[in-house]
Structures are given as structure tokens and as C-alpha cells.
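Visitor: Here you go, my_file.cif (mmCIF, C-alpha atoms):
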data_structure
loop_
_atom_site.label_atom_id
_atom_site.label_comp_id
_atom_site.auth_asym_id
_atom_site.auth_seq_id
_atom_site.Cartn_x
_atom_site.Cartn_y
_atom_site.Cartn_z
CA MET A 1 -214.72 -135.42 -87.08
CA ALA A 2 -216.95 -135.36 -90.13
CA ALA A 3 -218.39 -138.69 -89.08
CA ALA A 4 -219.17 -137.39 -85.62
CA LEU A 5 -220.98 -134.36 -87.01
CA ALA A 6 -222.97 -136.45 -89.44
CA GLY A 7 -223.87 -138.70 -86.55
CA THR A 8 -225.36 -135.86 -84.57
CA ALA A 9 -227.38 -134.67 -87.50
CA LEU A 10 -228.64 -138.14 -88.12
CA LEU A 11 -229.81 -138.73 -84.59
CA THR A 12 -231.69 -135.44 -84.55
CA GLY A 13 -233.35 -136.29 -87.82
CA CYS A 14 -234.47 -139.66 -86.66
CA GLY A 15 -235.31 -138.53 -83.14
CA ASP A 16 -238.66 -137.13 -84.27
CA SER A 17 -240.02 -140.54 -84.96
CA ALA A 18 -238.84 -141.87 -81.64
CA SER A 19 -240.43 -139.32 -79.32
CA GLY A 20 -243.71 -140.50 -77.89
CA SER A 21 -243.05 -144.17 -78.52
CA GLY A 22 -241.75 -145.28 -75.15
CA SER A 23 -238.22 -144.65 -73.99
CA ALA A 24 -236.35 -142.05 -75.97
CA LYS A 25 -233.07 -143.79 -75.31
CA ALA A 26 -231.49 -146.67 -77.14
CA GLU A 27 -231.62 -149.90 -75.11
CA LEU A 28 -229.08 -152.18 -76.68
CA SER A 29 -228.40 -155.86 -76.26
CA VAL A 30 -226.42 -158.35 -78.28
CA HIS A 31 -227.18 -161.93 -79.21
CA SER A 32 -226.18 -164.62 -81.74
CA ALA A 33 -222.53 -163.58 -81.51
CA TYR A 34 -219.90 -165.95 -82.90
CA ILE A 35 -216.59 -166.14 -84.69
CA PRO A 36 -216.06 -169.03 -87.11
CA GLN A 37 -212.69 -170.66 -86.41
CA PRO A 38 -210.47 -168.83 -88.89
CA VAL A 39 -208.17 -170.43 -91.44
CA SER A 40 -205.76 -167.55 -91.21
CA ASP A 41 -203.75 -167.03 -88.03
CA SER A 42 -203.92 -163.26 -88.42
CA MET A 43 -207.48 -162.57 -89.50
CA ALA A 44 -211.02 -163.59 -88.58
CA ALA A 45 -214.61 -162.58 -89.15
CA GLY A 46 -217.24 -162.12 -86.44
CA PHE A 47 -221.02 -161.97 -86.51
CA LEU A 48 -223.66 -160.75 -84.10
CA THR A 49 -227.06 -159.14 -83.83
CA ILE A 50 -227.60 -155.91 -81.91
CA GLU A 51 -231.17 -155.43 -80.68
CA ASN A 52 -232.49 -152.04 -79.74
CA LYS A 53 -235.58 -152.09 -77.53
CA GLY A 54 -235.42 -148.36 -76.95
CA GLY A 55 -237.12 -145.51 -78.74
CA ALA A 56 -233.99 -143.85 -80.14
CA ALA A 57 -231.51 -145.03 -82.70
CA ASP A 58 -227.83 -145.40 -81.91
CA ARG A 59 -224.76 -145.94 -84.00
CA LEU A 60 -221.99 -148.47 -83.81
CA THR A 61 -218.94 -146.27 -84.19
CA SER A 62 -216.05 -148.61 -83.44
CA VAL A 63 -215.12 -152.01 -82.08
CA THR A 64 -212.10 -153.02 -80.03
CA SER A 65 -210.70 -156.26 -78.68
CA ALA A 66 -207.59 -157.09 -76.69
CA ASP A 67 -207.11 -160.12 -78.95
CA ALA A 68 -206.77 -158.18 -82.18
CA GLY A 69 -204.61 -155.29 -83.28
CA GLU A 70 -207.54 -153.91 -85.18
CA VAL A 71 -211.26 -154.58 -85.48
CA THR A 72 -213.28 -152.99 -88.24
CA VAL A 73 -216.85 -153.29 -89.46
CA HIS A 74 -216.97 -154.45 -93.05
CA GLU A 75 -219.72 -154.68 -95.55
CA THR A 76 -219.77 -156.99 -98.53
CA VAL A 77 -220.85 -155.34 -101.77
CA ASP A 78 -220.75 -157.31 -105.02
CA GLY A 79 -218.14 -159.70 -103.76
CA ALA A 80 -215.85 -157.04 -102.33
CA MET A 81 -215.44 -156.14 -98.71
CA LYS A 82 -215.27 -152.54 -97.78
CA GLU A 83 -214.91 -150.85 -94.48
CA ALA A 84 -218.35 -149.62 -93.53
CA GLY A 85 -219.08 -146.24 -91.98
CA PRO A 86 -220.78 -146.18 -88.58
CA LEU A 87 -223.82 -148.46 -88.77
CA THR A 88 -227.19 -147.46 -87.34
CA VAL A 89 -229.07 -149.57 -84.84
CA PRO A 90 -232.60 -148.33 -85.46
CA ALA A 91 -235.03 -147.59 -82.64
CA HIS A 92 -237.12 -150.70 -81.91
CA GLY A 93 -235.05 -152.51 -84.48
CA ARG A 94 -231.83 -154.35 -84.91
CA LEU A 95 -228.53 -154.36 -86.70
CA VAL A 96 -227.60 -157.77 -88.04
CA LEU A 97 -224.02 -158.63 -88.87
CA LYS A 98 -224.13 -161.94 -90.70
CA SER A 99 -222.11 -164.07 -93.03
CA GLY A 100 -222.18 -162.76 -96.58
CA GLY A 101 -223.22 -159.32 -95.37
CA ASP A 102 -221.86 -156.92 -92.81
CA HIS A 103 -219.35 -158.44 -90.43
CA LEU A 104 -216.67 -157.63 -87.92
CA MET A 105 -213.19 -158.12 -89.27
CA PHE A 106 -210.46 -158.94 -86.78
CA ASP A 107 -207.01 -158.09 -88.04
CA LYS A 108 -203.56 -158.67 -86.55
CA LEU A 109 -204.82 -161.38 -84.22
CA LYS A 110 -202.66 -161.75 -81.13
CA ARG A 111 -203.40 -165.45 -80.72
CA THR A 112 -204.58 -168.30 -82.90
CA LEU A 113 -208.31 -168.69 -82.44
CA GLN A 114 -209.56 -172.21 -81.84
CA GLN A 115 -213.06 -173.55 -81.57
CA GLY A 116 -214.21 -173.48 -77.94
CA GLN A 117 -212.39 -170.27 -77.04
CA THR A 118 -214.05 -166.92 -76.51
CA VAL A 119 -213.00 -163.49 -77.63
CA THR A 120 -214.01 -160.43 -75.63
CA VAL A 121 -215.05 -157.55 -77.79
CA GLU A 122 -216.15 -154.08 -76.85
CA LEU A 123 -218.68 -152.39 -79.10
CA HIS A 124 -218.63 -148.61 -78.92
CA PHE A 125 -221.81 -146.67 -79.62
CA ALA A 126 -222.28 -142.97 -80.30
CA LYS A 127 -224.76 -142.53 -77.42
CA SER A 128 -224.83 -145.66 -75.32
CA GLY A 129 -221.08 -145.90 -74.83
CA GLY A 130 -219.36 -149.27 -74.58
CA LEU A 131 -220.91 -152.72 -74.57
CA LYS A 132 -218.79 -155.80 -73.79
CA VAL A 133 -219.60 -158.98 -75.70
CA GLU A 134 -218.15 -162.47 -75.30
CA MET A 135 -217.91 -164.02 -78.75
CA PRO A 136 -217.52 -167.81 -78.84
CA VAL A 137 -215.27 -169.31 -81.51
CA LYS A 138 -217.33 -171.90 -83.39
CA GLU A 139 -216.42 -174.45 -86.05
CA ALA A 140 -215.38 -173.01 -89.42
CA THR A 141 -218.66 -174.02 -91.04
CA TYR A 142 -220.91 -172.77 -88.22
CA HIS A 143 -224.06 -171.37 -89.70
CA HIS A 144 -226.37 -169.26 -87.63
CA THR A 145 -229.79 -169.32 -89.15
CA THR A 146 -231.58 -166.06 -88.59
CA GLY A 147 -235.30 -166.69 -88.63
CA HIS A 148 -237.67 -164.59 -90.63
CA MET B 1 -239.43 -142.45 -98.88
CA ARG B 2 -239.47 -141.29 -95.30
CA ASN B 3 -239.96 -143.67 -92.51
CA LYS B 4 -241.67 -141.86 -89.66
CA THR B 5 -242.40 -144.64 -87.26
CA PHE B 6 -240.49 -147.73 -86.45
CA VAL B 7 -242.76 -150.48 -85.31
CA ALA B 8 -241.54 -152.95 -82.74
CA ALA B 9 -242.03 -155.84 -85.12
CA ALA B 10 -239.72 -154.28 -87.68
CA LEU B 11 -237.81 -157.05 -89.34
CA LEU B 12 -234.71 -157.14 -91.45
CA ALA B 13 -236.15 -155.21 -94.37
CA ALA B 14 -237.42 -152.46 -92.13
CA ALA B 15 -234.18 -152.44 -90.20
CA THR B 16 -232.23 -151.46 -93.31
CA MET B 17 -234.55 -148.58 -94.11
CA PRO B 18 -233.28 -146.08 -91.56
CA LEU B 19 -229.96 -146.27 -93.35
CA SER B 20 -231.47 -144.79 -96.46
CA ALA B 21 -233.83 -142.51 -94.59
CA CYS B 22 -231.37 -141.09 -92.11
CA GLY B 23 -227.90 -142.19 -93.06
CA SER B 24 -227.11 -139.06 -95.02
CA GLY B 25 -223.85 -139.28 -96.81
CA ASP B 26 -222.57 -142.31 -95.01
CA ASP B 27 -223.63 -145.07 -97.19
CA PRO B 28 -225.12 -144.10 -100.51
CA LYS B 29 -224.30 -147.36 -102.19
CA ARG B 30 -225.89 -149.72 -99.72
CA PRO B 31 -228.60 -151.63 -101.55
CA VAL B 32 -232.03 -151.25 -99.98
CA ALA B 33 -232.93 -154.84 -100.63
CA VAL B 34 -230.19 -157.42 -100.84
CA VAL B 35 -232.23 -160.55 -100.39
CA SER B 36 -233.27 -162.32 -103.55
CA GLU B 37 -234.30 -165.60 -102.08
CA ASP B 38 -234.98 -168.51 -104.28
CA THR B 39 -238.42 -169.83 -103.43
CA SER B 40 -237.26 -173.41 -103.91
CA GLN B 41 -235.15 -174.74 -101.05
CA LYS B 42 -232.46 -176.11 -103.32
CA ALA B 43 -229.00 -174.64 -103.15
CA ALA B 44 -228.06 -175.92 -106.58
CA THR B 45 -228.85 -174.03 -109.76
CA LEU B 46 -228.87 -176.35 -112.73
CA LEU B 47 -227.74 -174.60 -115.90
CA ASP B 48 -229.72 -174.99 -119.11
CA LYS B 49 -226.63 -174.08 -121.03
CA PRO B 50 -223.53 -175.44 -119.28
CA PHE B 51 -220.25 -173.54 -119.19
CA GLU B 52 -217.19 -174.77 -120.97
CA LYS B 53 -214.31 -175.32 -118.56
CA PRO B 54 -212.11 -172.22 -118.74
CA ASP B 55 -208.84 -172.66 -120.57
CA LEU B 56 -206.70 -171.63 -117.61
CA VAL B 57 -203.02 -172.42 -117.37
CA LEU B 58 -201.78 -171.12 -114.02
CA THR B 59 -199.35 -171.93 -111.23
CA ASP B 60 -200.26 -174.33 -108.42
CA THR B 61 -199.24 -174.15 -104.75
CA HIS B 62 -196.04 -176.09 -105.49
CA GLY B 63 -195.00 -173.47 -108.04
CA LYS B 64 -195.71 -175.83 -110.93
CA LYS B 65 -197.61 -175.11 -114.13
CA TYR B 66 -201.22 -176.31 -113.89
CA ASP B 67 -203.42 -176.70 -116.94
CA LEU B 68 -206.97 -176.75 -115.58
CA ARG B 69 -208.54 -178.52 -118.55
CA LYS B 70 -205.83 -181.14 -118.82
CA GLU B 71 -205.45 -181.83 -115.11
CA THR B 72 -209.15 -182.08 -114.31
CA ALA B 73 -210.38 -183.80 -117.50
CA GLY B 74 -212.77 -186.61 -116.58
CA HIS B 75 -212.84 -185.61 -112.92
CA PRO B 76 -215.77 -184.09 -111.07
CA THR B 77 -214.44 -180.60 -110.36
CA LEU B 78 -215.55 -177.70 -108.20
CA VAL B 79 -214.10 -174.32 -109.11
CA TYR B 80 -214.23 -171.25 -106.89
CA PHE B 81 -212.62 -167.82 -107.24
CA GLY B 82 -211.56 -166.04 -104.04
CA TYR B 83 -208.59 -164.81 -102.02
CA THR B 84 -206.91 -165.66 -98.76
CA HIS B 85 -207.26 -162.23 -97.13
CA CYS B 86 -211.00 -162.85 -97.13
CA PRO B 87 -212.21 -163.53 -93.59
CA ASP B 88 -215.80 -164.50 -94.24
CA VAL B 89 -217.18 -166.01 -97.42
CA CYS B 90 -214.06 -167.57 -98.99
CA PRO B 91 -212.98 -169.75 -96.06
CA LEU B 92 -216.61 -170.56 -95.27
CA THR B 93 -217.33 -171.74 -98.81
CA LEU B 94 -214.23 -173.94 -98.95
CA SER B 95 -214.72 -175.26 -95.40
CA ASN B 96 -218.30 -176.23 -96.25
CA ILE B 97 -217.06 -178.26 -99.21
CA ALA B 98 -214.20 -179.78 -97.17
CA VAL B 99 -216.58 -180.96 -94.43
CA ALA B 100 -219.18 -182.26 -96.90
CA MET B 101 -216.53 -184.24 -98.80
CA LYS B 102 -215.76 -186.30 -95.72
CA ASP B 103 -219.07 -188.11 -96.22
CA LEU B 104 -218.07 -189.36 -99.67
CA PRO B 105 -216.58 -192.83 -100.06
CA LYS B 106 -212.81 -192.54 -100.39
CA ALA B 107 -212.74 -193.62 -104.04
CA GLU B 108 -215.11 -190.82 -104.99
CA ARG B 109 -213.36 -188.32 -102.80
CA ASP B 110 -210.11 -189.11 -104.59
CA GLU B 111 -211.77 -188.43 -107.94
CA LEU B 112 -213.09 -185.02 -106.93
CA ARG B 113 -210.99 -181.96 -107.68
CA VAL B 114 -211.60 -178.77 -105.71
CA VAL B 115 -209.87 -175.84 -107.36
CA PHE B 116 -209.49 -172.47 -105.68
CA VAL B 117 -208.33 -169.78 -108.09
CA THR B 118 -207.06 -166.62 -106.41
CA THR B 119 -208.46 -163.27 -107.42
CA ASP B 120 -205.59 -161.57 -105.61
CA PRO B 121 -202.45 -163.07 -107.18
CA ALA B 122 -200.15 -160.31 -105.93
CA ARG B 123 -200.72 -161.32 -102.29
CA ASP B 124 -201.59 -164.96 -102.94
CA THR B 125 -198.27 -166.40 -103.99
CA PRO B 126 -198.05 -170.20 -104.41
CA ALA B 127 -196.58 -170.44 -100.90
CA GLU B 128 -199.22 -168.24 -99.25
CA LEU B 129 -202.01 -170.02 -101.04
CA GLY B 130 -200.60 -173.41 -100.09
CA LYS B 131 -200.29 -172.49 -96.43
CA TRP B 132 -203.84 -171.16 -96.30
CA LEU B 133 -205.43 -174.08 -98.14
CA LYS B 134 -203.64 -176.53 -95.86
CA GLY B 135 -205.71 -175.05 -93.04
CA ILE B 136 -208.88 -176.11 -94.88
CA ASP B 137 -208.00 -179.24 -96.85
CA ALA B 138 -204.51 -180.19 -98.01
CA GLU B 139 -205.98 -181.87 -101.10
CA PHE B 140 -207.49 -178.67 -102.47
CA ILE B 141 -205.76 -177.23 -105.49
CA GLY B 142 -204.79 -173.56 -105.33
CA LEU B 143 -203.98 -171.62 -108.47
CA THR B 144 -202.36 -168.25 -108.92
CA GLY B 145 -200.90 -166.35 -111.84
CA ASP B 146 -201.53 -163.37 -114.05
CA PHE B 147 -204.60 -161.41 -112.93
CA ASP B 148 -205.82 -160.70 -116.46
CA THR B 149 -205.74 -164.40 -117.29
CA ILE B 150 -207.66 -165.23 -114.09
CA GLN B 151 -210.20 -162.49 -114.73
CA ALA B 152 -210.76 -163.67 -118.31
CA GLY B 153 -211.21 -167.26 -117.10
CA ALA B 154 -213.69 -166.19 -114.44
CA ARG B 155 -215.62 -164.16 -116.99
CA THR B 156 -216.27 -167.24 -119.13
CA LEU B 157 -218.12 -168.65 -116.10
CA GLY B 158 -220.16 -165.49 -115.62
CA ILE B 159 -218.05 -164.55 -112.60
CA SER B 160 -216.99 -160.93 -112.44
CA ILE B 161 -213.91 -159.94 -110.45
CA GLU B 162 -211.88 -156.78 -110.26
CA PRO B 163 -208.19 -156.29 -109.51
CA THR B 164 -207.21 -155.67 -105.91
CA ALA B 165 -207.22 -151.93 -105.27
CA LYS B 166 -206.59 -149.58 -102.36
CA ASP B 167 -209.56 -148.00 -100.66
CA LYS B 168 -209.53 -144.44 -99.33
CA ASN B 169 -207.82 -145.58 -96.14
CA GLY B 170 -205.06 -147.24 -98.09
CA LYS B 171 -206.33 -150.74 -97.33
CA LEU B 172 -206.33 -153.36 -100.03
CA VAL B 173 -209.75 -154.45 -101.24
CA SER B 174 -210.08 -157.68 -103.21
CA TYR B 175 -213.04 -159.40 -104.81
CA HIS B 176 -214.29 -162.96 -104.64
CA GLY B 177 -216.66 -164.82 -106.90
CA THR B 178 -220.09 -165.46 -105.48
CA GLN B 179 -220.51 -168.89 -107.02
CA VAL B 180 -219.00 -172.34 -106.94
CA VAL B 181 -219.19 -174.02 -110.35
CA ALA B 182 -219.47 -177.82 -110.51
CA PHE B 183 -218.07 -179.50 -113.62
CA SER B 184 -219.24 -182.93 -114.71
CA PRO B 185 -216.77 -185.81 -115.04
CA LYS B 186 -218.80 -187.02 -118.04
CA THR B 187 -218.82 -183.85 -120.14
CA ASP B 188 -216.24 -181.63 -118.37
CA ALA B 189 -218.86 -178.89 -118.59
CA GLY B 190 -219.86 -176.62 -115.70
CA TYR B 191 -223.49 -177.60 -115.21
CA VAL B 192 -224.39 -176.66 -111.61
CA LEU B 193 -223.87 -173.45 -109.62
CA TYR B 194 -223.88 -172.93 -105.87
CA GLY B 195 -224.32 -169.52 -104.31
CA GLU B 196 -222.38 -168.39 -101.27
CA ASP B 197 -225.22 -169.30 -98.93
CA ALA B 198 -224.93 -173.00 -99.76
CA THR B 199 -224.33 -174.89 -96.50
CA VAL B 200 -222.45 -178.03 -95.50
CA ASP B 201 -225.77 -179.89 -95.66
CA ASP B 202 -226.40 -178.71 -99.21
CA TYR B 203 -223.02 -179.96 -100.40
CA THR B 204 -223.30 -183.17 -98.39
CA LYS B 205 -226.61 -183.90 -100.08
CA ASP B 206 -225.45 -183.05 -103.59
CA LEU B 207 -221.84 -184.27 -103.80
CA PRO B 208 -222.76 -187.96 -104.34
CA GLU B 209 -224.61 -186.88 -107.50
CA LEU B 210 -222.02 -184.35 -108.60
CA VAL B 211 -219.15 -186.84 -108.48
CA LYS B 212 -221.12 -188.98 -110.96
CA GLY B 213 -222.01 -186.06 -113.20
CA GLU B 214 -225.68 -186.47 -112.32
CA ASN B 215 -228.15 -183.75 -111.54
CA PRO B 216 -228.40 -182.98 -107.83
#
What is this file in C-alpha cells?

Guide:
Amino acid sequence: MAAALAGTALLTGCGDSASGSGSAKAELSVHSAYIPQPVSDSMAAGFLTIENKGGAADRLTSVTSADAGEVTVHETVDGAMKEAGPLTVPAHGRLVLKSGGDHLMFDKLKRTLQQGQTVTVELHFAKSGGLKVEMPVKEATYHHTTGH
Amino acid sequence: MRNKTFVAAALLAAATMPLSACGSGDDPKRPVAVVSEDTSQKAATLLDKPFEKPDLVLTDTHGKKYDLRKETAGHPTLVYFGYTHCPDVCPLTLSNIAVAMKDLPKAERDELRVVFVTTDPARDTPAELGKWLKGIDAEFIGLTGDFDTIQAGARTLGISIEPTAKDKNGKLVSYHGTQVVAFSPKTDAGYVLYGEDATVDDYTKDLPELVKGENP
């Protein structure tokens, strides 16, 4: 509940900057999604980039997948992983979940993930609703280089 | 600082700003800038003042006593501190090393010791650790034991870890080291560090030197 209220306040606060610069709605798309083949048979990490071409920010509030009992967004701070609060996808910006930083954490996996498979994930946003993403399982050492 | 307009070309740095500008209360501890990129393209950091190998006597994945100094004396050795309930950096770091090692001639590969010391000994029992490491490389050595001993050993390498603790949702949070330390077979000293962004290619390039105790 508190999170939902904070979310509303946030969007109002940021909405000022968005008005007048094109669409006042978030326009979200996802790319560079992958899951490195996990070592564990119960847990995996996932990475992706959410682009927002629209003029309003949105927030990633939760993630679900039929293949995992639980999916959470984690952030890595000083070598420890913590569950992150809802993450903002800024207007005309992007939210990057990448190795060593923020990532999706799949817990209680319902099947063993092998390279070549795909995992369907649904991202839930405060304003834009749900967005389905197919995440390919890559080799354990897969390294997606994000350009500068 | 207030960020009034978001330009279309906003890159990563700009993308993190709305979190501090608008993310009231959610995320006060998120660092504004997390990227401290080395300007050189080398993954290895050569130490002016090498580390002594920590005097760690722990338990290996077979439940046997393992004296790190004694067992790895004269061997090129990579030491990394992490935990098995770590989905991202820990398995990636060890997998990178495992893949890179395959390019070494067998004789050199047999000399190399890769030692994974758990930072979460309560969950990482010898059996758990053994099962997990087998999924990466069965030759890797996994050590567990008393947390205080592990923490003190890590500290001598400049690696800071905290005990596993529960977060506000009751979930266990553990810590991993952010560096792999390479010890020379000639001096047994830790003379090269690798950060967690070191790739398979970085290790593949450097391992032939490391196994000889030479500078990468």
C-alpha cells in the first residue's frame, strides 16, 4: 500500500517534466533479455533493458513467470544483493538490469533451465500494465556488452 | 539537483538520475554513480605490494580439513569468496574461470588451484558446496567453516564480507567478495586482482601467465 501511494506521488512529481515533450504516456519495450544457464536447479538470474520512448515515466512493480515460484528484482550493493523497491523507467530513458547490478532473481524454479530454452516472464508496470517477455537461456558465461 | 527535462539521448548516467530526483523514500542508498571504469582495457590489477596467502584452515567439500597455505603451496592459485545462493556474480565469476581454463594445456591446468571460499557457511555445508561446484567444475575446491575465520582471512586480502543476515522481509542476504585474487606459484603471494567484470576472454588471455607466476 505504501509503495503504491509513493508511486502515485512520484509520477505526479515527474510528470511536470514530461508534459509538452511528445506523448505523455510511457511507451515501453524490452530488449537484450537473457538468463545465463544457472548452476543451481532452484535459482537463476535474468537481465534485460526496458526502453521508454514515451514522455512519462513508469515503474516496474513486480515480475511473474510460470517457471518460477517467485521472481524478484534485486540490486547489488557492496557485494550484497537486496530486494529492490519498484524501479523507475524514466521518460525517454531506460532501465537497465545487468550483471553486477540490478537483476531479476528467479527463485523456486519449476524446471531445470538449460541453454537454448526460453522462459516467459511478465513484467508488471504501475501504469502500462503487463508486458510479456521471452527470455532466452544463454551459456553460463554469456556477457551482453551494453554500448556506451 | 532537480532534473527537469529528460532528453531522448539520455544514457545510463542520466537514466539513474530520476531515481534520486523522484524516487522519494524508495531507494535512499542507491549510489548515483556506480561506474568507476578503468581507462586501461586490462582486467588485471597488478599489486605493488602483494598479499600474503591467508592462513585459512577450513573444511573442503569432502568434509576434510583443508589448510590453504599447505595445500596450495607452489601452485598457481585463484581465490574467490562467494556463496551458492548467489544467482548472478558468483556463478558467473567461477564459470568464466572454468571456461578459460579449458584453453590451458592439461599439465598447467592440473597445477592450477581454484579455491572458492563460502561467505555463507551456515547454508553452504560441504555437501551443498560440493554439489554446486560440480555444476561449474568438479576440480574446483570449495571451503567452508567458521564465519569469523573466513571473514578474517578475507580481510587480509582487502575483501570485506558480512555475516548472512535477514532483510526486512525475512529473506537471507549474503555477501560476496568483488575480487578474484591470483597467487603466484613462485612466491605464493597474491599479486594480481580481477574485478567481477573480468570476462572469459580476460582470463583466457591471462591464465597462461598466471600459471607461471608471470605478470599478465

Visitor: Can you tell me, as a list of chain:residue names, what residues are no more than 8 Å from segment 37-44 of chain A when counting all atoms listed in the file, ignoring any on the same chain fewer than 5 positions away?

Guide: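 Near segment 37-44 of chain A, the qualifying residues are A:Met105, A:Phe106, A:Asp107, A:Lys108, A:Leu109, A:Lys110, A:Arg111, A:Thr112, A:Leu113, A:Gln114, A:Gln115, A:Val137, A:Lys138, A:Glu139, A:Ala140, B:Thr84, B:His85, B:Pro87, B:Asp88, B:Pro91, B:Trp132, B:Gly135, B:Ile136.
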
Visitor: Considering all atoms listed in the file, state which residue in the set B:Lys171, B:Lys212, B:Lys65, B:Lys186 is at the smallest distance from chain A.

Guide: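 Of the candidates, the smallest distance to chain A is held by B:Lys171.
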
Visitor: Centre and edge lengths of an axis-aligned box around all listed atoms of segment 136-142 of chain A, with 5 Å added on each side, are to be given in Å to one decimal, as lines of an AutoDock Vina configuration file.

Guide:
center_x = -218.1
center_y = -171.1
center_z = -84.9
size_x = 15.6
size_y = 16.6
size_z = 22.2

Visitor: Tell me which residues the PyMOL selection byres ((chain B and resi 54-58) around 8) grabs here, as a ChimeraX atom specification.

Guide: /B:52-53,59-60,65-69,143-146,149-150,153-154,156-157

Visitor: Selection in question (the file shown): the PyMOL selection byres ((chain B and resi 215) around 12). Which residues does it include, as number ranges by chain?

Guide: B: 44-48, 182-184, 186, 190-193, 205-214, 216
